[in-house]
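> Have a look at the structure that comes next, please.
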Amino acid sequence: MDQVNKDGNESTADSNLMDQTSGGTSPAHKESNQGHVTHRNLLGYRYSCLLAYYPIPVFCLLLGGTVLCGVIATALYDLPDFSDPIKGFQARGTKISRRMFSYRNLNFPDSGAFRPLQRPNRGDIMRDAKQGFQAPQAVTQDIAYNNITMNGSLSVQSGLRPELIFLPGGDEDTTQGAEFCKLYPLSTSARMVLVPSKTKTLFSSEAMKSICSMENEVVRQHPSFTKACCRNTMSQFNDTFDGEQDDCTLSWSLGNVVAALNNKESCDNLQIEDVENTGQILQDCAPYYESGSLTELCETPQCQALPSKCIQGGLVYKIFHFLTPSSFVEEIKQGTFQLSSTIVFLPIEMLYSFDELWDLYKDVFENKVITYDKTKVAALELGLKYDLFASYLQADTLYLGLSAILVVIIINLYVRSPFITAMTLLNMIMSLTLAYFAYKALFQLPFFPFVNIAATVLVIGIGADDTFVFVDIWKKARQDIAKKEPIYNRAAVVHETLKHASVTMFVTSFTTASALYASAVSSITAVKCFAIFAGTAIVANFIFTVTWLPVVVVLNDICSTILFGQASNKDTESGKKQRWHPLRTCCSSLSRFLNKVFTVHIQTLIFNLRIVWILLFLGLAIGGVFLVFVSPKLQLPSQSDFQVFRSSHQFEKYSSDFKKKYSFEDDRVDLLPYTATWGLQALDNGNHWDPESTGEVKYDDQFDLSHTESQEWLYNFCDRMRNQSFVNAGDQSYCFIENLKTTLHSPCTDETLPPPCCGRQDFPFPPDVFNNCAVLFCNATNCMSQHGLYRFGPWFDNGRLVAISVVATSTYKLSLDYNLMDAYWNAANTWTEDQMQTAPAGMSGGWFISHSLIQFNFYDLQGSLATGAPAAMGISLGLAAAVLLLTTRNILISLYAMVSISGAVFVTIGSLVLLGWQLNIFESAILSLAVGLSVDFTIHYGVGYRLAPFKDNRGRTEFSIETLAPAITVAAISTFAAGAMMMPATVVTYVQLGTFLMLVMTISWSYATFFFLALCRTIGPRGNIAQIPLPKCMQCNGSSGDSNKSQDRIENGHVATVDREQNEPLNVKESKCNADKVTELSDDDLQKLSKLESTCV
């Protein structure tokens, strides 16, 4: 009794709070409040009273706090920078990355971040593959291209312009003064790919003249071309030069080369005979090109012995190697001359002419299909791809805005309140703001990759879903309480709504967030950062859903009360209908239509065809598993050029369609190096969340090459290394101990090292001799060598040998094929580790790495994607199952739900496989959302089924459909529409995200509605079957009746228990639970149903 009085006092206090807000409350209202408080947890009810009676202070507190967080995050931390889209696309902490970072830090200490996927034409990738083994002076050595020497130390900022180099043709000028710029290799020139438009082949005089005319009239007339082109003078021009376009040298195009072969000054004068004559020359010279005898510079005796028509000026080689696809040689041999594409190399060097090429692209090519007579421009390579991405990334945010606007419109149509709609949009913005604050200020993550923008659409979809469900529950709770109480009790409505909405929203939000957080197990920096930001955004959205959204709905309810007056619940409802019905006819009709569709038509369709649905969706799930794991499977990326635009973009078409067709693109394909290193600890001790943090070198203190057994072991290691199948024994290699031995065994002369470092006969050398002579040897002869950007050999620190590397050429070519690189890694690494098992103590810490800039980093990236994505999905599914089981406490419902969710996930991913998706960085981030977005609808239905006030599976399924199906469907439609609005974007990120959202919404809604509900209707649990009981400490004390003979029905808004056999209400008795007075049904399970009172979700 004391407890009852205490509850009553609490109720009175709550009523007094309401008096202060609403201007007074009748005794009847207070009595009604008192009765309701005794049915609810006081803490939850006090929170509801806070939201109901003090909405404006809570509103201002939440808004002000979020604004403050946003100001702190933007003022104290750097804003996101998406200028480098591939930044962070590297694995960290893996075996390969630890070795790569360690070796890289040894070569380039304190040089900042590096990218494993380098921008084309922006770095030294070409040198890494082309230079081979060179002396240390290779950093500033002269690099020869086409008999022209260019000093390698020239910088891009020097402003130097390429100069004319007349076509080399031996003693006799066979080109009548044809002028081509050849200062730089053609692979660094800006280029266009042209294809036929009104003809079958480009190997005709009409097509060649069409190409030349297009170039002259469309490209060369632009001022930027005139400013940047290679000129017919030996002068150097600065950026302000303003010359005539006629001064520019010729482009390397098929028409110009054919004209030069036939002693024509211009391709405009080409005749049919000229093309036929060139065709005959190509037929005669094709075998020499195929055999490798015909080369570009023709420096070998074999090439110089070829017919003069094949070697004149290197023109024939240019046609085969640069201007036509590799397959054209076969066409020539067959006499068909079917040329499907050709490349025009403009006389503009990409590295030196960024601004000019940017203007040229913007004015001439952007968003245009250049068609001229019989040809059209199909693809471009201007070196602008990743720079243009940053510009488009900002421009395409328009589609994100359109998606948000469309979702807002749908929300407004459904909730019928512009205020709630506007505040829901603000809720989404606040969620992202709070997530960004937590990301920067709390988690202290310095790097914000561009893939994090995917969280925006995710929050929009989930925010809309939560709003639909919350408003639906609010309306039902309001109606039910209106039937029980004569005076409107807003706090009771808030409490009832939160009690049921918070459960299902918590489950969906937690499973989605956990699925995202699970992706943090990835070793890829960008994926890890995305997992944290997106997961935090979902958590922030849930926080605002149970704080901000109730306040918004309360304020909207208060405004309605002020506008229409409120004498009682019934008067309010009728008044509202009278005043607002004419303005909401369309929305009301749509709502009634949706309710009828789901309560009648969809429900009938599910029930009558439930066996068909179960078999159909099980079959689809099996098909999805087959597509993902058997054939064709989710493939790893096969090219290092990261796709940033949609496939139809001119830059992407070159990378994906044409690049692999031309032989000159394979010039950089060299043999991979094999490098064994000692003295370094294989550590990636930088911040794995920050691409700029690369760590520092840590030497291996146990390394000691001065011991005689270590010298002898390393000498034998080099010999054994050359005998391995993965090492090219015929190619050059470098082993320092061999060079040192040769030098010290040389007779002493004035040109050799002084004694005792000459004229020796012993080996291995005594430790003191080795240490002293190694330093003298390296000081005198520069014992370091270089391959590309990396040096190898001995490394000294204050005269002490601290590290050493041995390098050789492998038999494996540079490739982006994962299987090929995996074979090389396994063979070389396994052999090296086996050798270390037999090494002396001072040499046992060695390891293998291949120091190519791209290949092994990309291979490591592929491996991380292959293992990280499935692991993240598995963890996500496991967490979803655990949350669902804890929430429903029913084994069968959890099992059915997981089958439905898994089926939706595999069908979604299988569909993406059929669409040609590969497991790249952004795709991996998107796929981490598959589980999170697929669980929502099924969990909504599962919780609704579990809490339905019925015992039989039919009644529970009907209740779940009638209560949740309309809101779930509108949520799916809104997210689908948001994805559809992103499809016109140029940036492939938005296109892929839009495609994924449309697929996952369609498939997950279908599985939840037709498969999961059909399972529940057919073999769903009845009564307490498969139910996990609560621990006794969490149960209410009271007797239990016979639950098998009872069934719940909702009568006039109250839960009544009816005996199935006698159709009479069962007895209800009172007991105490957790020190609160509650009304209990005699059955333990019906106690929970009685607490629902008005609505269950």
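Here's how to read the names in the structure tokens: chain A, B, ... by the order shown, residue numbers from 1 in each chain, ligand numbers from 1 in the order shown.
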Would you mind listing what lies within 10 Å of Leu62 of chain A as a PyMOL selection string, with only C-alpha atoms counted and same-chain residues fewer than 5 positions away left out?
chain A and resi 56-57+67-68+430+544+547-548
> When you look at Thr604 of chain A with a cut-off of 12 Å (counting only C-alpha atoms), what residues show up, excluding the ones that are within fewer than 4 positions of it in the same chain? I need them as a PDB file with N, CA and C atoms, in the first residue's frame.

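out_24.pdb was written with the following content:
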```
ATOM      1  N   LYS A 596      -5.411  -0.650 -47.343  1.00  0.00           N
ATOM      2  CA  LYS A 596      -6.254  -1.670 -47.975  1.00  0.00           C
ATOM      3  C   LYS A 596      -5.415  -2.667 -48.758  1.00  0.00           C
ATOM      4  N   VAL A 597      -4.392  -2.142 -49.448  1.00  0.00           N
ATOM      5  CA  VAL A 597      -3.537  -3.027 -50.242  1.00  0.00           C
ATOM      6  C   VAL A 597      -2.867  -4.068 -49.356  1.00  0.00           C
ATOM      7  N   PHE A 598      -2.354  -3.631 -48.208  1.00  0.00           N
ATOM      8  CA  PHE A 598      -1.603  -4.555 -47.365  1.00  0.00           C
ATOM      9  C   PHE A 598      -2.506  -5.406 -46.481  1.00  0.00           C
ATOM     10  N   THR A 599      -3.607  -4.855 -46.022  1.00  0.00           N
ATOM     11  CA  THR A 599      -4.481  -5.641 -45.153  1.00  0.00           C
ATOM     12  C   THR A 599      -5.340  -6.615 -45.927  1.00  0.00           C
ATOM     13  N   VAL A 600      -5.499  -6.395 -47.199  1.00  0.00           N
ATOM     14  CA  VAL A 600      -6.378  -7.265 -48.001  1.00  0.00           C
ATOM     15  C   VAL A 600      -5.577  -7.974 -49.087  1.00  0.00           C
ATOM     16  N   ASN A 608      -2.057 -17.092 -49.436  1.00  0.00           N
ATOM     17  CA  ASN A 608      -2.507 -18.113 -50.380  1.00  0.00           C
ATOM     18  C   ASN A 608      -1.362 -18.740 -51.163  1.00  0.00           C
ATOM     19  N   LEU A 609      -0.299 -17.978 -51.383  1.00  0.00           N
ATOM     20  CA  LEU A 609       0.822 -18.493 -52.172  1.00  0.00           C
ATOM     21  C   LEU A 609       2.082 -18.651 -51.320  1.00  0.00           C
ATOM     22  N   ARG A 610       1.904 -18.885 -50.040  1.00  0.00           N
ATOM     23  CA  ARG A 610       3.060 -18.896 -49.151  1.00  0.00           C
ATOM     24  C   ARG A 610       4.066 -19.988 -49.490  1.00  0.00           C
ATOM     25  N   ARG A 954      -1.214 -17.244 -37.556  1.00  0.00           N
ATOM     26  CA  ARG A 954      -1.971 -16.440 -38.527  1.00  0.00           C
ATOM     27  C   ARG A 954      -2.276 -15.051 -37.963  1.00  0.00           C
ATOM     28  N   THR A 957       0.907 -12.961 -37.769  1.00  0.00           N
ATOM     29  CA  THR A 957       1.352 -12.496 -39.083  1.00  0.00           C
ATOM     30  C   THR A 957       0.454 -11.374 -39.591  1.00  0.00           C
ATOM     31  N   GLU A 958      -0.857 -11.540 -39.406  1.00  0.00           N
ATOM     32  CA  GLU A 958      -1.782 -10.485 -39.817  1.00  0.00           C
ATOM     33  C   GLU A 958      -1.485  -9.184 -39.070  1.00  0.00           C
ATOM     34  N   ILE A 961       1.644  -7.516 -40.442  1.00  0.00           N
ATOM     35  CA  ILE A 961       1.414  -6.882 -41.746  1.00  0.00           C
ATOM     36  C   ILE A 961       0.625  -5.589 -41.584  1.00  0.00           C
ATOM     37  N   PHE A1010       7.526 -11.134 -48.431  1.00  0.00           N
ATOM     38  CA  PHE A1010       6.964 -12.343 -49.041  1.00  0.00           C
ATOM     39  C   PHE A1010       7.594 -13.629 -48.512  1.00  0.00           C
ATOM     40  N   LEU A1013       7.474 -13.392 -43.927  1.00  0.00           N
ATOM     41  CA  LEU A1013       6.093 -13.478 -43.449  1.00  0.00           C
ATOM     42  C   LEU A1013       5.422 -14.776 -43.892  1.00  0.00           C
ATOM     43  N   ALA A1014       5.793 -15.268 -45.081  1.00  0.00           N
ATOM     44  CA  ALA A1014       5.250 -16.560 -45.518  1.00  0.00           C
ATOM     45  C   ALA A1014       5.754 -17.684 -44.621  1.00  0.00           C
ATOM     46  N   ARG A1017       3.822 -17.394 -41.379  1.00  0.00           N
ATOM     47  CA  ARG A1017       2.429 -17.862 -41.530  1.00  0.00           C
ATOM     48  C   ARG A1017       2.366 -19.381 -41.635  1.00  0.00           C
TER      49      ARG A1017
END
```
> Between A:Leu63, A:Met998, A:Met843, A:Ile562, which residue has the minimum interatomic distance to Ala978 of chain A, considering only C-alpha atoms?
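Among the listed residues, the smallest separation from Ala978 of chain A belongs to A:Met998.
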> Env of Leu384 of chain A: 9 Å cut, atoms = only C-alpha atoms, seq-sep filter 4 positions within chain, self excluded. Answer as a list in words.
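Result of the neighbour search: Met350, Phe354, Leu357, Trp358, Tyr361, Leu388, Phe389 and Phe651 of chain A.
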> Using only C-alpha atoms, which residue out of A:Phe89, A:Leu346, A:Arg104, A:Tyr45 lies closest to Ser189 of chain A?
A:Leu346
> Tell me, in Å to one decimal, how far atom CA of Leu801 of chain A is from atom CA of Thr94 of chain A.
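Pair atom CA of Leu801 of chain A / atom CA of Thr94 of chain A returns 27.6 Å.
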> Give the strand (DSSP E or B) residues of segment 326-444 of chain A, as assigned by DSSP on the backbone, as an mmCIF file with C-alpha atoms, in the first residue's frame.

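selection.cif was written with the following content:
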```
data_model
loop_
_atom_site.group_PDB
_atom_site.id
_atom_site.type_symbol
_atom_site.label_atom_id
_atom_site.label_comp_id
_atom_site.auth_asym_id
_atom_site.auth_seq_id
_atom_site.Cartn_x
_atom_site.Cartn_y
_atom_site.Cartn_z
ATOM 1 C CA THR A 342 43.347 4.202 -83.727
ATOM 2 C CA ILE A 343 45.144 6.596 -81.408
ATOM 3 C CA VAL A 344 46.148 10.167 -82.210
ATOM 4 C CA PHE A 345 49.093 11.350 -80.092
ATOM 5 C CA LEU A 346 48.841 15.113 -79.783
ATOM 6 C CA PRO A 347 52.127 17.066 -79.584
ATOM 7 C CA ILE A 348 51.397 18.002 -75.957
ATOM 8 C CA GLU A 349 53.250 16.487 -73.014
ATOM 9 C CA THR A 371 31.749 13.051 -84.286
ATOM 10 C CA TYR A 372 33.307 14.280 -87.496
ATOM 11 C CA THR A 375 34.981 9.063 -87.259
ATOM 12 C CA LYS A 376 34.274 9.942 -83.651
ATOM 13 C CA VAL A 377 36.308 10.373 -80.486
ATOM 14 C CA ALA A 378 35.683 7.353 -78.244
ATOM 15 C CA ALA A 379 38.204 7.856 -75.434
ATOM 16 C CA LEU A 380 40.779 10.275 -74.079
ATOM 17 C CA GLU A 381 43.967 10.156 -72.035
#
```
> I'd like the contact shell of Gln394 of chain A - 12 Å cut-off, only C-alpha atoms, skipping same-chain residues fewer than 5 positions apart - returned as a PDB file with N, CA, C and O atoms, in the first residue's frame.

```
ATOM      1  N   PRO A  80      37.395  17.973 -44.750  1.00  0.00           N
ATOM      2  CA  PRO A  80      37.724  16.876 -45.667  1.00  0.00           C
ATOM      3  C   PRO A  80      38.276  17.393 -46.987  1.00  0.00           C
ATOM      4  O   PRO A  80      37.818  18.409 -47.517  1.00  0.00           O
ATOM      5  N   ASP A  81      39.254  16.707 -47.506  1.00  0.00           N
ATOM      6  CA  ASP A  81      39.884  17.062 -48.774  1.00  0.00           C
ATOM      7  C   ASP A  81      39.822  15.845 -49.682  1.00  0.00           C
ATOM      8  O   ASP A  81      40.452  14.822 -49.419  1.00  0.00           O
ATOM      9  N   PHE A  82      39.046  15.969 -50.764  1.00  0.00           N
ATOM     10  CA  PHE A  82      38.856  14.840 -51.674  1.00  0.00           C
ATOM     11  C   PHE A  82      39.654  15.023 -52.966  1.00  0.00           C
ATOM     12  O   PHE A  82      39.311  14.425 -53.990  1.00  0.00           O
ATOM     13  N   SER A  83      40.671  15.870 -52.933  1.00  0.00           N
ATOM     14  CA  SER A  83      41.435  16.111 -54.153  1.00  0.00           C
ATOM     15  C   SER A  83      42.214  14.884 -54.599  1.00  0.00           C
ATOM     16  O   SER A  83      42.550  14.757 -55.775  1.00  0.00           O
ATOM     17  N   LEU A 388      40.205  15.866 -62.338  1.00  0.00           N
ATOM     18  CA  LEU A 388      38.835  16.172 -62.724  1.00  0.00           C
ATOM     19  C   LEU A 388      37.841  15.567 -61.742  1.00  0.00           C
ATOM     20  O   LEU A 388      36.743  16.094 -61.533  1.00  0.00           O
ATOM     21  N   PHE A 389      38.244  14.465 -61.117  1.00  0.00           N
ATOM     22  CA  PHE A 389      37.349  13.807 -60.160  1.00  0.00           C
ATOM     23  C   PHE A 389      36.978  14.738 -59.011  1.00  0.00           C
ATOM     24  O   PHE A 389      35.823  14.787 -58.584  1.00  0.00           O
ATOM     25  N   TYR A 399      23.119  15.673 -56.906  1.00  0.00           N
ATOM     26  CA  TYR A 399      22.240  14.502 -56.913  1.00  0.00           C
ATOM     27  C   TYR A 399      21.976  14.006 -55.501  1.00  0.00           C
ATOM     28  O   TYR A 399      20.906  13.453 -55.228  1.00  0.00           O
ATOM     29  N   LEU A 400      22.948  14.193 -54.608  1.00  0.00           N
ATOM     30  CA  LEU A 400      22.670  13.901 -53.206  1.00  0.00           C
ATOM     31  C   LEU A 400      21.581  14.817 -52.679  1.00  0.00           C
ATOM     32  O   LEU A 400      20.679  14.395 -51.944  1.00  0.00           O
ATOM     33  N   GLY A 401      21.650  16.095 -53.058  1.00  0.00           N
ATOM     34  CA  GLY A 401      20.617  17.035 -52.643  1.00  0.00           C
ATOM     35  C   GLY A 401      19.260  16.690 -53.214  1.00  0.00           C
ATOM     36  O   GLY A 401      18.237  16.761 -52.516  1.00  0.00           O
ATOM     37  N   PHE A 450      37.069   9.869 -49.146  1.00  0.00           N
ATOM     38  CA  PHE A 450      35.874  10.281 -49.865  1.00  0.00           C
ATOM     39  C   PHE A 450      34.776   9.221 -49.828  1.00  0.00           C
ATOM     40  O   PHE A 450      33.599   9.532 -50.025  1.00  0.00           O
ATOM     41  N   ILE A 453      31.329   9.591 -47.888  1.00  0.00           N
ATOM     42  CA  ILE A 453      30.113  10.276 -48.336  1.00  0.00           C
ATOM     43  C   ILE A 453      28.957   9.294 -48.492  1.00  0.00           C
ATOM     44  O   ILE A 453      27.794   9.705 -48.504  1.00  0.00           O
ATOM     45  N   ALA A 985      24.487  10.738 -62.162  1.00  0.00           N
ATOM     46  CA  ALA A 985      25.761  11.333 -61.759  1.00  0.00           C
ATOM     47  C   ALA A 985      26.894  10.859 -62.667  1.00  0.00           C
ATOM     48  O   ALA A 985      26.832   9.791 -63.285  1.00  0.00           O
ATOM     49  N   THR A 986      27.924  11.678 -62.748  1.00  0.00           N
ATOM     50  CA  THR A 986      29.117  11.327 -63.516  1.00  0.00           C
ATOM     51  C   THR A 986      30.093  10.509 -62.685  1.00  0.00           C
ATOM     52  O   THR A 986      30.702   9.562 -63.180  1.00  0.00           O
ATOM     53  N   VAL A 987      30.238  10.864 -61.424  1.00  0.00           N
ATOM     54  CA  VAL A 987      31.142  10.138 -60.530  1.00  0.00           C
ATOM     55  C   VAL A 987      30.558   8.759 -60.257  1.00  0.00           C
ATOM     56  O   VAL A 987      29.409   8.622 -59.839  1.00  0.00           O
ATOM     57  N   TYR A 990      28.693   7.740 -56.846  1.00  0.00           N
ATOM     58  CA  TYR A 990      27.272   7.991 -56.669  1.00  0.00           C
ATOM     59  C   TYR A 990      26.427   7.001 -57.468  1.00  0.00           C
ATOM     60  O   TYR A 990      25.372   6.567 -57.013  1.00  0.00           O
TER      61      TYR A 990
END
```
> Please determine, counting only C-alpha atoms, which residue among A:Leu620, A:Cys778, A:Ile524, A:Met983 has the shortest atom-to-atom distance to Ile909 of chain A.
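Residue with the minimum atom-to-atom distance to Ile909 of chain A: A:Leu620.
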> List the neighbours of Ala531 of chain A out to 8 Å using only C-alpha atoms; skip same-chain residues closer than 4 positions along the sequence, and give me the result as a PyMOL selection string.
chain A and resi 516-520+527+535+925
> Just want the 10 Å neighbourhood of Val58 of chain A, counted on only C-alpha atoms, with same-chain residues fewer than 5 positions away dropped. Output as a PyMOL selection string.
chain A and resi 50-53+63-64+547-548+551-552
> Would you write out those residues with all heavy atoms, as a PDB file, in the first residue's frame?

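In the end it all went to part-v5.pdb:
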```pdb
ATOM      1  N   LEU A  50       9.302  14.686 -19.478  1.00  0.00           N
ATOM      2  CA  LEU A  50      10.257  15.731 -19.836  1.00  0.00           C
ATOM      3  C   LEU A  50      10.087  16.150 -21.290  1.00  0.00           C
ATOM      4  O   LEU A  50      10.070  17.344 -21.609  1.00  0.00           O
ATOM      5  CB  LEU A  50      11.675  15.213 -19.596  1.00  0.00           C
ATOM      6  CG  LEU A  50      12.824  16.144 -20.032  1.00  0.00           C
ATOM      7  CD1 LEU A  50      12.832  17.411 -19.179  1.00  0.00           C
ATOM      8  CD2 LEU A  50      14.161  15.416 -19.946  1.00  0.00           C
ATOM      9  N   LEU A  51       9.940  15.156 -22.171  1.00  0.00           N
ATOM     10  CA  LEU A  51       9.765  15.469 -23.586  1.00  0.00           C
ATOM     11  C   LEU A  51       8.406  16.094 -23.865  1.00  0.00           C
ATOM     12  O   LEU A  51       8.277  16.957 -24.743  1.00  0.00           O
ATOM     13  CB  LEU A  51       9.933  14.192 -24.426  1.00  0.00           C
ATOM     14  CG  LEU A  51      11.282  13.469 -24.335  1.00  0.00           C
ATOM     15  CD1 LEU A  51      11.277  12.228 -25.221  1.00  0.00           C
ATOM     16  CD2 LEU A  51      12.422  14.384 -24.728  1.00  0.00           C
ATOM     17  N   ALA A  52       7.374  15.663 -23.129  1.00  0.00           N
ATOM     18  CA  ALA A  52       6.025  16.127 -23.393  1.00  0.00           C
ATOM     19  C   ALA A  52       5.769  17.523 -22.839  1.00  0.00           C
ATOM     20  O   ALA A  52       5.069  18.325 -23.458  1.00  0.00           O
ATOM     21  CB  ALA A  52       5.012  15.139 -22.821  1.00  0.00           C
ATOM     22  N   TYR A  53       6.340  17.841 -21.676  1.00  0.00           N
ATOM     23  CA  TYR A  53       6.017  19.093 -21.015  1.00  0.00           C
ATOM     24  C   TYR A  53       7.097  20.156 -21.165  1.00  0.00           C
ATOM     25  O   TYR A  53       6.841  21.329 -20.903  1.00  0.00           O
ATOM     26  CB  TYR A  53       5.758  18.835 -19.524  1.00  0.00           C
ATOM     27  CG  TYR A  53       4.659  17.823 -19.294  1.00  0.00           C
ATOM     28  CD1 TYR A  53       4.769  16.877 -18.276  1.00  0.00           C
ATOM     29  CD2 TYR A  53       3.522  17.798 -20.098  1.00  0.00           C
ATOM     30  CE1 TYR A  53       3.772  15.950 -18.067  1.00  0.00           C
ATOM     31  CE2 TYR A  53       2.525  16.879 -19.901  1.00  0.00           C
ATOM     32  CZ  TYR A  53       2.647  15.947 -18.886  1.00  0.00           C
ATOM     33  OH  TYR A  53       1.653  15.029 -18.688  1.00  0.00           O
ATOM     34  N   LEU A  63      19.619  21.078 -30.375  1.00  0.00           N
ATOM     35  CA  LEU A  63      20.084  21.842 -31.535  1.00  0.00           C
ATOM     36  C   LEU A  63      21.352  22.622 -31.203  1.00  0.00           C
ATOM     37  O   LEU A  63      22.324  22.612 -31.979  1.00  0.00           O
ATOM     38  CB  LEU A  63      18.981  22.786 -32.004  1.00  0.00           C
ATOM     39  CG  LEU A  63      19.295  23.623 -33.251  1.00  0.00           C
ATOM     40  CD1 LEU A  63      19.592  22.718 -34.443  1.00  0.00           C
ATOM     41  CD2 LEU A  63      18.136  24.557 -33.575  1.00  0.00           C
ATOM     42  N   GLY A  64      21.360  23.284 -30.059  1.00  0.00           N
ATOM     43  CA  GLY A  64      22.537  24.052 -29.675  1.00  0.00           C
ATOM     44  C   GLY A  64      23.757  23.180 -29.456  1.00  0.00           C
ATOM     45  O   GLY A  64      24.875  23.537 -29.861  1.00  0.00           O
ATOM     46  N   THR A 547      15.300  11.184 -29.060  1.00  0.00           N
ATOM     47  CA  THR A 547      15.320  12.452 -28.319  1.00  0.00           C
ATOM     48  C   THR A 547      14.715  13.576 -29.151  1.00  0.00           C
ATOM     49  O   THR A 547      13.723  14.182 -28.783  1.00  0.00           O
ATOM     50  CB  THR A 547      16.758  12.820 -27.925  1.00  0.00           C
ATOM     51  OG1 THR A 547      17.588  12.828 -29.097  1.00  0.00           O
ATOM     52  CG2 THR A 547      17.322  11.828 -26.930  1.00  0.00           C
ATOM     53  N   TRP A 548      15.306  13.823 -30.295  1.00  0.00           N
ATOM     54  CA  TRP A 548      14.868  14.924 -31.151  1.00  0.00           C
ATOM     55  C   TRP A 548      13.507  14.655 -31.779  1.00  0.00           C
ATOM     56  O   TRP A 548      12.620  15.523 -31.767  1.00  0.00           O
ATOM     57  CB  TRP A 548      15.930  15.155 -32.223  1.00  0.00           C
ATOM     58  CG  TRP A 548      15.581  16.141 -33.283  1.00  0.00           C
ATOM     59  CD1 TRP A 548      14.986  15.896 -34.475  1.00  0.00           C
ATOM     60  CD2 TRP A 548      15.820  17.556 -33.253  1.00  0.00           C
ATOM     61  NE1 TRP A 548      14.843  17.049 -35.194  1.00  0.00           N
ATOM     62  CE2 TRP A 548      15.341  18.088 -34.468  1.00  0.00           C
ATOM     63  CE3 TRP A 548      16.382  18.415 -32.312  1.00  0.00           C
ATOM     64  CZ2 TRP A 548      15.423  19.443 -34.771  1.00  0.00           C
ATOM     65  CZ3 TRP A 548      16.466  19.767 -32.615  1.00  0.00           C
ATOM     66  CH2 TRP A 548      15.990  20.270 -33.822  1.00  0.00           C
ATOM     67  N   VAL A 551      10.426  15.059 -29.500  1.00  0.00           N
ATOM     68  CA  VAL A 551      10.203  16.473 -29.229  1.00  0.00           C
ATOM     69  C   VAL A 551       9.547  17.163 -30.419  1.00  0.00           C
ATOM     70  O   VAL A 551       8.632  17.984 -30.271  1.00  0.00           O
ATOM     71  CB  VAL A 551      11.540  17.156 -28.859  1.00  0.00           C
ATOM     72  CG1 VAL A 551      11.392  18.670 -28.857  1.00  0.00           C
ATOM     73  CG2 VAL A 551      12.020  16.677 -27.506  1.00  0.00           C
ATOM     74  N   VAL A 552      10.016  16.823 -31.612  1.00  0.00           N
ATOM     75  CA  VAL A 552       9.436  17.412 -32.827  1.00  0.00           C
ATOM     76  C   VAL A 552       7.971  17.028 -32.969  1.00  0.00           C
ATOM     77  O   VAL A 552       7.108  17.873 -33.271  1.00  0.00           O
ATOM     78  CB  VAL A 552      10.250  16.964 -34.057  1.00  0.00           C
ATOM     79  CG1 VAL A 552       9.507  17.296 -35.342  1.00  0.00           C
ATOM     80  CG2 VAL A 552      11.629  17.603 -34.053  1.00  0.00           C
TER      81      VAL A 552
END
```
> With distances taken over only C-alpha atoms, which of A:Thr74, A:Ser725, A:Gln761, A:Thr249 is nearest to Thr742 of chain A?
A:Gln761
> For a quick check of understanding, using only C-alpha atoms, which of A:Gln855, A:Gly842, A:Glu356, A:Asp641 has the smallest distance to Trp678 of chain A?
A:Gly842
> Fewer than 3 positions away in the same chain doesn't count, so skip those; otherwise give me all residues within 9 Å of Leu892 of chain A, counting only C-alpha atoms, as a list in words.
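In the requested form, the answer reads Leu895, Tyr896, Ala897, Ile1019, Gly1020, Pro1021, Ile1025, Ala1026 and Gln1027 of chain A.
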> Just C-alpha atoms for this one: save the residues we selected as a PDB file, in the first residue's frame.

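Written out: part.pdb:
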```pdb
ATOM      1  CA  LEU A 895      16.296 -18.475 -37.399  1.00  0.00           C
ATOM      2  CA  TYR A 896      13.698 -17.502 -40.001  1.00  0.00           C
ATOM      3  CA  ALA A 897      14.871 -13.903 -39.910  1.00  0.00           C
ATOM      4  CA  ILE A1019       5.658 -22.657 -39.657  1.00  0.00           C
ATOM      5  CA  GLY A1020       5.858 -19.666 -37.358  1.00  0.00           C
ATOM      6  CA  PRO A1021       5.986 -20.304 -33.597  1.00  0.00           C
ATOM      7  CA  ILE A1025       7.086 -22.445 -28.712  1.00  0.00           C
ATOM      8  CA  ALA A1026      10.883 -21.962 -29.020  1.00  0.00           C
ATOM      9  CA  GLN A1027      10.657 -19.037 -26.599  1.00  0.00           C
TER      10      GLN A1027
END
```
> Taking the DSSP secondary structure from the backbone, can you list the residues of segment 550-781 of chain A that are alpha helix (DSSP H), as a PyMOL selection string?
chain A and resi 550-564+569-580+585-596+603-608+610-629+650-653+708-722+736-744+767-781
> Nearest residue to Pro984 of chain A out of A:Ser648, A:Gln302, A:Ser224, A:Ser902, using only C-alpha atoms?
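Ranking A:Ser648, A:Gln302, A:Ser224, A:Ser902 by distance to Pro984 of chain A, first place goes to A:Ser648.
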